[in-house]
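The file model25.txt contains compact mmCIF, C-alpha atoms (C1' of nucleotides):
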```
# COMPACT_ATOMS: atom_id res chain seq x y z
CA MET S 209 0.00 0.00 0.00
CA PRO S 210 2.71 2.50 0.41
CA GLU S 211 1.94 4.96 -2.37
CA LEU S 212 3.46 8.35 -2.96
CA PRO S 213 2.31 10.00 0.32
CA GLU S 214 3.41 7.06 2.46
CA VAL S 215 6.78 6.74 0.74
CA GLU S 216 7.31 10.50 0.97
CA THR S 217 6.56 10.25 4.69
CA MET S 218 9.07 7.40 5.04
CA CYS S 219 11.72 9.48 3.28
CA ARG S 220 11.12 12.52 5.45
CA GLY S 221 11.16 10.30 8.51
CA ILE S 222 14.59 8.89 7.80
CA ARG S 223 16.18 11.96 6.22
CA SER S 224 18.23 12.59 9.34
CA ILE S 225 20.49 9.69 8.28
CA GLU S 226 21.98 11.89 5.56
CA GLY S 227 25.66 12.34 6.33
CA LEU S 228 25.93 9.18 8.43
CA ARG S 229 28.25 6.32 7.56
CA VAL S 230 27.43 2.61 7.40
CA PHE S 231 29.09 0.70 10.20
CA GLU S 232 27.65 -2.67 9.37
CA VAL S 233 24.84 -4.33 7.44
CA ASN S 234 22.77 -7.04 9.07
CA PRO S 235 20.26 -9.48 7.72
CA VAL S 236 18.04 -10.40 10.59
CA ALA S 237 17.19 -14.05 10.88
CA CYS S 238 13.72 -14.83 9.85
CA ARG S 239 11.71 -17.93 9.15
CA LEU S 240 10.51 -16.73 5.78
CA LYS S 241 11.99 -16.68 2.36
CA PRO S 242 14.01 -13.52 1.97
CA ILE S 243 12.69 -10.56 0.09
CA LEU S 244 14.11 -10.05 -3.35
CA MET S 245 17.56 -8.60 -2.98
CA ALA S 246 20.13 -7.83 -5.66
CA PRO S 247 23.00 -8.27 -5.69
CA SER S 248 23.31 -10.81 -2.88
CA PHE S 249 23.17 -9.73 0.72
CA SER S 250 26.89 -10.27 1.21
CA GLU S 251 27.71 -8.20 -1.84
CA ILE S 252 25.43 -5.35 -0.71
CA SER S 253 27.03 -5.55 2.69
CA ARG S 254 30.54 -5.44 1.23
CA GLN S 255 29.72 -2.47 -1.00
CA LEU S 256 27.95 -0.39 1.62
CA THR S 257 30.08 -0.93 4.69
CA GLY S 258 32.04 2.23 5.38
CA LYS S 259 30.12 4.30 2.85
CA LYS S 260 28.54 7.61 3.69
CA ILE S 261 24.91 8.39 2.92
CA CYS S 262 24.63 11.48 0.73
CA ARG S 263 20.91 11.85 0.12
CA VAL S 264 17.56 10.23 0.78
CA THR S 265 15.06 10.79 -2.01
CA ARG S 266 11.80 9.39 -3.30
CA LEU S 267 11.25 8.14 -6.83
CA GLY S 268 7.59 7.36 -7.37
CA LYS S 269 6.84 4.72 -4.72
CA ARG S 270 10.49 3.88 -4.10
CA VAL S 271 12.87 5.08 -1.41
CA VAL S 272 16.28 5.88 -2.88
CA ILE S 273 19.35 6.16 -0.66
CA HIS S 274 22.29 7.67 -2.49
CA PHE S 275 25.71 6.65 -1.14
CA GLU S 276 29.09 8.16 -1.80
CA GLY S 277 30.78 6.57 -4.79
CA ASP S 278 27.47 6.91 -6.68
CA PHE S 279 25.73 3.83 -5.35
CA TYR S 280 21.96 3.83 -5.10
CA LEU S 281 20.09 1.62 -2.68
CA VAL S 282 16.58 1.39 -4.10
CA ILE S 283 13.91 0.11 -1.73
CA GLU S 284 10.48 -0.85 -3.04
CA PRO S 285 8.07 -1.44 -0.17
CA ARG S 286 5.32 -2.68 -2.50
CA MET S 287 2.42 -3.90 -0.38
CA THR S 288 3.65 -4.10 3.15
CA GLY S 289 7.25 -2.97 3.29
CA LEU S 290 8.30 -0.40 5.85
CA VAL S 291 11.42 1.70 6.20
CA MET S 292 11.94 2.64 9.81
CA LEU S 293 14.36 3.97 12.37
CA GLU S 294 12.68 2.04 15.17
CA ASP S 295 11.67 -1.53 15.70
CA PRO S 296 8.64 -2.49 13.71
CA PRO S 297 5.52 -3.79 15.46
CA ASN S 298 6.58 -7.41 15.06
CA GLN S 299 10.24 -8.30 15.20
CA THR S 300 10.00 -11.79 13.78
CA HIS S 301 9.80 -10.74 10.17
CA LEU S 302 12.65 -8.26 10.22
CA ARG S 303 14.70 -8.55 7.08
CA PHE S 304 17.40 -5.99 6.62
CA GLU S 305 19.22 -3.53 8.82
CA LEU S 306 21.87 -0.86 8.34
CA ILE S 307 23.82 0.21 11.40
CA LEU S 308 24.86 3.81 10.89
CA ARG S 309 27.31 6.05 12.65
CA GLY S 310 28.04 9.69 12.40
CA GLU S 311 31.37 10.40 10.85
CA LEU S 312 34.14 10.70 13.39
CA SER S 313 36.93 13.14 12.84
CA GLY S 314 40.59 12.29 13.46
CA GLY S 315 42.19 8.88 13.63
CA GLY S 316 40.20 7.41 16.49
CA ASN S 317 38.05 5.24 14.27
CA GLN S 318 40.18 2.13 14.26
CA VAL S 319 40.13 1.62 17.98
CA ARG S 320 36.40 1.78 18.27
CA SER S 321 34.58 -1.30 19.40
CA LYS S 322 33.37 -3.70 16.75
CA LEU S 323 30.07 -3.91 18.58
CA PRO S 324 27.24 -1.57 17.78
CA SER S 325 27.05 1.14 20.38
CA SER S 326 23.98 2.64 21.91
CA ARG S 327 24.63 5.75 19.86
CA ASP S 328 24.25 3.85 16.61
CA ILE S 329 21.30 4.60 14.45
CA ARG S 330 19.54 1.65 12.91
CA LEU S 331 17.81 1.85 9.58
CA LEU S 332 15.43 -1.06 9.13
CA PHE S 333 13.56 -2.50 6.24
CA TRP S 334 10.74 -4.73 7.36
CA ASP S 335 8.16 -6.45 5.23
CA ARG S 336 5.29 -8.48 6.62
CA ARG S 337 4.56 -10.24 3.34
CA GLY S 338 7.93 -10.20 1.72
CA LEU S 339 6.87 -8.76 -1.61
CA GLY S 340 9.24 -5.81 -1.34
CA THR S 341 12.63 -5.49 -2.99
CA ILE S 342 16.02 -4.03 -2.19
CA ARG S 343 18.50 -3.35 -4.96
CA LEU S 344 21.91 -1.76 -4.94
CA LEU S 345 22.68 -0.09 -8.26
CA THR S 346 25.39 1.96 -9.86
CA ALA S 347 24.50 5.39 -11.19
CA GLY S 348 24.19 4.05 -14.73
CA ASP S 349 21.96 1.14 -13.79
CA PHE S 350 19.85 3.38 -11.61
CA GLU S 351 19.32 5.68 -14.57
CA HIS S 352 18.47 2.91 -17.07
CA SER S 353 16.66 0.32 -15.07
CA VAL S 354 14.78 2.52 -12.63
CA LYS S 355 14.59 6.22 -13.41
CA ASN S 356 13.98 6.08 -17.16
CA ARG S 357 11.28 3.45 -16.84
CA LEU S 358 9.01 5.62 -14.75
CA GLY S 359 6.69 8.38 -15.85
CA PRO S 360 6.89 11.83 -14.30
CA ASP S 361 6.28 12.08 -10.58
CA ALA S 362 2.60 12.54 -9.75
CA LEU S 363 3.39 15.78 -7.92
CA GLN S 364 5.03 17.19 -11.07
CA MET S 365 2.04 16.61 -13.33
CA ASN S 366 -0.23 19.19 -14.90
CA ALA S 367 -3.21 18.97 -17.27
CA GLU S 368 -1.10 19.21 -20.42
CA VAL S 369 1.23 16.42 -19.37
CA PHE S 370 -1.67 14.23 -18.33
CA ARG S 371 -3.34 14.71 -21.68
CA GLU S 372 -0.19 14.19 -23.70
CA ARG S 373 0.72 10.96 -21.93
CA PHE S 374 -2.75 9.41 -21.54
CA ARG S 375 -4.92 10.49 -24.40
CA ARG S 376 -3.83 7.81 -26.89
CA SER S 377 -4.63 5.01 -24.46
CA LYS S 378 -7.85 3.03 -24.73
CA ARG S 379 -7.64 1.87 -21.15
CA GLU S 380 -9.95 3.04 -18.41
CA ILE S 381 -8.57 6.06 -16.57
CA LYS S 382 -8.44 4.31 -13.19
CA VAL S 383 -6.37 1.46 -14.63
CA ALA S 384 -4.05 3.86 -16.49
CA LEU S 385 -3.43 5.95 -13.36
CA LEU S 386 -1.90 2.88 -11.74
CA ASP S 387 0.58 2.43 -14.60
CA GLN S 388 3.85 3.76 -13.23
CA THR S 389 5.24 4.36 -16.73
CA PHE S 390 2.44 6.88 -17.31
CA VAL S 391 2.74 8.66 -13.98
CA ALA S 392 4.75 7.57 -10.95
CA GLY S 393 3.42 7.39 -7.43
CA ILE S 394 -0.32 6.74 -7.66
CA GLY S 395 -1.73 3.46 -6.34
CA ASN S 396 -5.17 2.03 -5.76
CA ILE S 397 -6.23 4.21 -2.84
CA TYR S 398 -5.20 7.55 -4.26
CA ALA S 399 -6.42 6.77 -7.79
CA ALA S 400 -9.92 6.37 -6.36
CA GLU S 401 -9.65 9.53 -4.27
CA ILE S 402 -8.26 11.59 -7.14
CA LEU S 403 -11.00 10.56 -9.57
CA PHE S 404 -13.68 11.24 -6.99
CA LEU S 405 -12.38 14.74 -6.34
CA ALA S 406 -12.04 15.32 -10.07
CA GLY S 407 -15.59 14.10 -10.66
CA VAL S 408 -14.51 11.64 -13.33
CA ASP S 409 -15.98 8.17 -13.76
CA PRO S 410 -13.16 5.65 -13.20
CA ARG S 411 -14.38 3.62 -16.20
CA THR S 412 -13.91 6.46 -18.66
CA ARG S 413 -11.53 5.54 -21.46
CA CYS S 414 -8.47 7.79 -21.56
CA ASP S 415 -9.06 8.65 -25.21
CA ARG S 416 -12.50 10.01 -24.36
CA ILE S 417 -11.36 12.39 -21.63
CA ARG S 418 -11.58 16.09 -22.43
CA MET S 419 -9.17 18.86 -21.49
CA SER S 420 -11.50 20.25 -18.83
CA GLN S 421 -11.42 16.84 -17.17
CA TRP S 422 -7.62 16.56 -17.40
CA GLU S 423 -7.49 19.89 -15.62
CA ARG S 424 -9.69 18.59 -12.84
CA ILE S 425 -7.66 15.38 -12.63
CA ALA S 426 -4.40 17.36 -12.41
CA ASP S 427 -5.80 19.64 -9.70
CA ALA S 428 -7.22 16.69 -7.77
CA THR S 429 -3.90 14.83 -7.97
CA GLU S 430 -2.06 17.75 -6.41
CA GLU S 431 -4.74 18.32 -3.78
CA VAL S 432 -5.16 14.69 -2.70
CA LEU S 433 -1.46 13.79 -2.62
CA SER S 434 -0.22 16.91 -0.88
CA THR S 435 -2.96 16.73 1.73
CA ALA S 436 -2.24 13.04 2.28
CA ILE S 437 1.44 13.90 2.83
CA ASP S 438 0.39 16.51 5.39
CA TYR S 439 -1.44 13.75 7.26
CA GLU S 440 1.50 11.34 6.87
CA GLY S 441 -0.31 8.93 4.59
CA SER S 442 -3.02 6.37 5.22
CA THR S 443 -2.91 3.58 7.79
CA LEU S 444 -5.71 1.22 6.79
CA SER S 445 -7.67 -0.99 9.15
CA ASP S 446 -5.03 -3.72 8.88
CA GLY S 447 -2.68 -1.30 10.65
CA THR S 448 0.30 -2.24 8.52
CA TYR S 449 1.52 1.12 7.38
CA ARG S 450 3.67 3.01 9.88
CA ASN S 451 5.96 5.99 9.56
CA ALA S 452 9.68 5.82 10.37
CA ILE S 453 9.07 5.93 14.10
CA ASN S 454 6.14 3.52 14.18
CA GLY S 455 3.39 6.15 14.15
CA GLU S 456 0.23 5.79 12.11
CA GLY S 457 -0.84 8.00 9.25
CA SER S 458 -4.20 9.72 9.53
CA TYR S 459 -5.31 10.49 6.00
CA GLN S 460 -7.57 7.42 6.04
CA GLN S 461 -9.98 9.54 8.08
CA TYR S 462 -10.36 11.78 5.07
CA HIS S 463 -10.84 9.13 2.42
CA ARG S 464 -13.95 10.10 0.51
CA VAL S 465 -14.53 6.82 -1.33
CA TYR S 466 -11.78 4.25 -0.73
CA ASP S 467 -13.09 1.35 1.35
CA ARG S 468 -16.40 3.15 1.88
CA GLU S 469 -18.67 0.88 -0.10
CA ASP S 470 -22.38 1.52 0.62
CA GLU S 471 -21.68 4.62 2.67
CA SER S 472 -23.50 7.70 1.48
CA CYS S 473 -21.46 10.08 -0.59
CA LYS S 474 -20.06 12.97 1.39
CA ARG S 475 -20.57 15.39 -1.45
CA CYS S 476 -23.95 14.66 -2.99
CA GLN S 477 -25.42 12.88 0.07
CA ARG S 478 -27.65 10.99 -2.36
CA GLY S 479 -25.62 8.27 -3.99
CA LYS S 480 -24.07 5.39 -2.17
CA ILE S 481 -20.38 4.68 -2.78
CA LYS S 482 -20.09 1.80 -5.18
CA ARG S 483 -17.38 -0.80 -5.49
CA ILE S 484 -16.45 -2.33 -8.81
CA THR S 485 -13.53 -4.38 -10.07
CA GLN S 486 -11.14 -3.06 -12.69
CA ALA S 487 -8.06 -5.02 -13.72
CA GLN S 488 -8.59 -7.33 -10.73
CA ARG S 489 -8.51 -4.45 -8.29
CA SER S 490 -11.25 -2.73 -6.32
CA THR S 491 -12.38 0.67 -7.43
CA PHE S 492 -14.60 2.80 -5.22
CA TYR S 493 -16.58 5.72 -6.61
CA CYS S 494 -19.81 7.68 -6.40
CA PRO S 495 -22.02 6.91 -9.42
CA CYS S 496 -23.78 10.19 -8.84
CA CYS S 497 -20.79 12.57 -8.64
CA GLN S 498 -18.58 10.75 -11.13
CA LEU S 499 -20.58 10.75 -14.33
CA LYS S 500 -18.77 10.22 -17.59
CA LYS S 501 -20.68 13.05 -19.21
CA LEU S 502 -20.18 15.65 -16.50
CA THR S 503 -18.85 18.81 -18.05
CA HIS S 504 -18.86 21.53 -15.52
CA ASP S 505 -17.66 21.83 -12.07
CA SER S 506 -20.29 22.41 -9.65
CA LEU S 507 -17.78 20.10 -8.04
CA GLY S 508 -15.14 22.33 -6.61
CA GLY S 509 -15.83 23.34 -3.02
CA ASP S 510 -16.89 21.45 0.04
C1' DC K 141 3.75 -1.68 -29.93
C1' DA K 142 -0.38 -1.72 -26.28
C1' DT K 143 -2.91 -4.17 -23.19
C1' DA K 144 -4.26 -8.25 -20.33
C1' DT K 145 -3.32 -11.84 -17.14
C1' DG K 146 -0.69 -14.64 -13.71
C1' DT K 147 2.51 -14.52 -9.98
C1' DC K 148 4.64 -13.60 -5.61
C1' DC K 149 3.32 -13.37 -0.27
C1' DT K 150 0.77 -13.42 4.58
C1' DG K 151 -2.99 -12.46 7.52
C1' DA K 152 -7.78 -11.25 8.07
C1' DG K 153 -12.24 -12.64 7.60
C1' DA K 154 -16.02 -15.52 5.75
C1' DG K 155 -18.37 -19.74 5.71
C1' DC K 156 -19.22 -24.24 7.17
C1' DT C 48 -13.90 -24.35 17.87
C1' DG C 49 -11.04 -24.95 13.96
C1' DC C 50 -10.54 -25.82 9.45
C1' DT C 51 -10.36 -24.26 4.40
C1' DC C 52 -11.08 -20.83 1.16
C1' DT C 53 -10.85 -16.15 -0.79
C1' DC C 54 -9.12 -11.77 -1.00
C1' DA C 55 -6.19 -7.62 -0.45
C1' DG C 56 -2.80 -5.17 -4.36
C1' DG C 57 2.45 -3.25 -6.36
C1' DA C 58 5.33 -4.45 -9.86
C1' DC C 59 7.02 -7.45 -13.05
C1' DA C 60 7.14 -11.63 -16.27
C1' DT C 61 4.78 -13.64 -19.72
C1' DA C 62 0.93 -14.01 -23.03
C1' DT C 63 -2.17 -12.15 -26.46
```
Could you show the structure in this file as structure tokens?
Amino acid sequence: MPELPEVETMCRGIRSIEGLRVFEVNPVACRLKPILMAPSFSEISRQLTGKKICRVTRLGKRVVIHFEGDFYLVIEPRMTGLVMLEDPPNQTHLRFELILRGELSGGGNQVRSKLPSSRDIRLLFWDRRGLGTIRLLTAGDFEHSVKNRLGPDALQMNAEVFRERFRRSKREIKVALLDQTFVAGIGNIYAAEILFLAGVDPRTRCDRIRMSQWERIADATEEVLSTAIDYEGSTLSDGTYRNAINGEGSYQQYHRVYDREDESCKRCQRGKIKRITQAQRSTFYCPCCQLKKLTHDSLGGD
DNA sequence: CATATGTCCTGAGAGC
DNA sequence: TGCTCTCAGGACATAT
């Protein structure tokens, strides 16, 4: 579930590790098959040990940690992965840990204990279901195999870019919004919320969407995602998603349609929120507010 | 090329 | 109560 707002919150939560140096890399024993990791754990460990962290950034739904020497550790949480500075709720599934230390000046480093000290900072990747991935890439590989394969970041979109990238597609808009090569960062929850706010029927084919609708979709994208970031993302009823220090997000309180099947629509108060399946995923929408034909916005304010 | 489907994985919840 | 089944969905491999 981590989508753009959750991953952005993770990045902000761990940003204080910038400037720290890797002291050691630990896999934590676990009864499950390891998450996908490339290259091997021992190779990642060898490459990262001693390296300094330059920057923590987000690329779509991925956390990117840039190390000195132009190495990029790319973490994809996918469904249930979490990047944290504290212990996750359940220790048994812990997968990957970086022990970090602030850079020490002078020549005292060599005599320091080999054991982690209480002043060490631990960066953890934990994944309840093990669908997440960790990859260590060179600058070139990062460019080719990650960056260039993604569409523009959802927060960088505008109506013109939406139209240019989507209008030739015959797919339904909800399905296309989930395609990370079209736009990066939107997942199932926020696609539903964005289309509700934009007043666009999720089943509308991209090639039938008009400019006035792209404008509403662009505005809604900005509004929904930036507000969700303000509330530190959405922690759903399964409680999985946590920020870097194990706190919950609160944007789920403001979901207008996601997981609100049969509830009455907050805007029109008439229709009930409907749930349909598109591309084997749930879509929630208001049949009353999200008409394909709808031209004008009587939709703007609350 | 564009689009559709199957796959990975665990835990929650339904149904019997 | 305890079992089995289905489902949740992000990204990618494979198929159409």
Neighbours of stretch 141-153 of chain K within 12 Å (only C-alpha atoms (C1' of nucleotides); same-chain residues fewer than 4 positions away dropped), as a PyMOL selection string?
(chain S and resi 240-244+286-289+301+335-341+376-380+383-384+387+445-448+486-488) or (chain C and resi 52-63)
Please measure the separation of atom CA of S:Ser490 and atom CA of S:Asn396, giving the value in Å to one decimal.
7.7 Å
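The point (-2.9, 2.9, -2.3) has these residues within 10 Å of it when only C-alpha atoms (C1' of nucleotides) are used: Met209, Pro210, Glu211, Leu212, Pro213, Glu214, Arg286, Met287, Leu386, Gly393, Ile394, Gly395, Asn396, Ile397, Tyr398, Ala399, Ala400, Glu401, Gly441, Ser442, Leu444 and Tyr466 of chain S; DG56 and DG57 of chain C.
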Write the selection just made, keeping C-alpha atoms (C1' of nucleotides), as a PDB file, keeping the file's coordinate frame?
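Contents of again-v6.pdb, as written:
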```pdb
ATOM      1  CA  MET S 209       0.000   0.000   0.000  1.00  0.00           C
ATOM      2  CA  PRO S 210       2.710   2.500   0.410  1.00  0.00           C
ATOM      3  CA  GLU S 211       1.940   4.960  -2.370  1.00  0.00           C
ATOM      4  CA  LEU S 212       3.460   8.350  -2.960  1.00  0.00           C
ATOM      5  CA  PRO S 213       2.310  10.000   0.320  1.00  0.00           C
ATOM      6  CA  GLU S 214       3.410   7.060   2.460  1.00  0.00           C
ATOM      7  CA  ARG S 286       5.320  -2.680  -2.500  1.00  0.00           C
ATOM      8  CA  MET S 287       2.420  -3.900  -0.380  1.00  0.00           C
ATOM      9  CA  LEU S 386      -1.900   2.880 -11.740  1.00  0.00           C
ATOM     10  CA  GLY S 393       3.420   7.390  -7.430  1.00  0.00           C
ATOM     11  CA  ILE S 394      -0.320   6.740  -7.660  1.00  0.00           C
ATOM     12  CA  GLY S 395      -1.730   3.460  -6.340  1.00  0.00           C
ATOM     13  CA  ASN S 396      -5.170   2.030  -5.760  1.00  0.00           C
ATOM     14  CA  ILE S 397      -6.230   4.210  -2.840  1.00  0.00           C
ATOM     15  CA  TYR S 398      -5.200   7.550  -4.260  1.00  0.00           C
ATOM     16  CA  ALA S 399      -6.420   6.770  -7.790  1.00  0.00           C
ATOM     17  CA  ALA S 400      -9.920   6.370  -6.360  1.00  0.00           C
ATOM     18  CA  GLU S 401      -9.650   9.530  -4.270  1.00  0.00           C
ATOM     19  CA  GLY S 441      -0.310   8.930   4.590  1.00  0.00           C
ATOM     20  CA  SER S 442      -3.020   6.370   5.220  1.00  0.00           C
ATOM     21  CA  LEU S 444      -5.710   1.220   6.790  1.00  0.00           C
ATOM     22  CA  TYR S 466     -11.780   4.250  -0.730  1.00  0.00           C
TER      23      TYR S 466
ATOM     24  C1'  DG C  56      -2.800  -5.170  -4.360  1.00  0.00           C
ATOM     25  C1'  DG C  57       2.450  -3.250  -6.360  1.00  0.00           C
TER      26       DG C  57
END
```
Between atom CA of S:Gly268 and atom CA of S:Leu433, measure the distance and give it in Å to one decimal.
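The value is 12.1 Å.
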For atom CA of S:Trp422 and atom CA of S:Glu368, the interatomic separation in Å (one decimal)
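Computed distance, atom CA of S:Trp422 to atom CA of S:Glu368, equals 7.7 Å.
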Anything within 10 Å of (10.0, 11.2, -16.7): list those residues as a PyMOL selection string, counting only C-alpha atoms (C1' of nucleotides) and sticking to the file's coordinates.
chain S and resi 355-361+364+389-392
Box for stretch 143-150 of chain K - axis-aligned, 6 Å on each of the six sides, all listed atoms - centre and size in Å to one decimal, as lines of an AutoDock Vina configuration file.
```
center_x = 0.2
center_y = -9.4
center_z = -9.3
size_x = 20.9
size_y = 22.5
size_z = 39.8
```
What lies within 8 Å of S:Cys494 using all atoms listed in the file, ignoring chain neighbours under 5 positions off, as a PyMOL selection string?
chain S and resi 404+465+473+479-482
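For the choices S:Gln477, S:Thr443, S:Ser472, S:Gln388, the atom-to-atom distance to chain C is smallest for S:Gln388 when using all atoms listed in the file.
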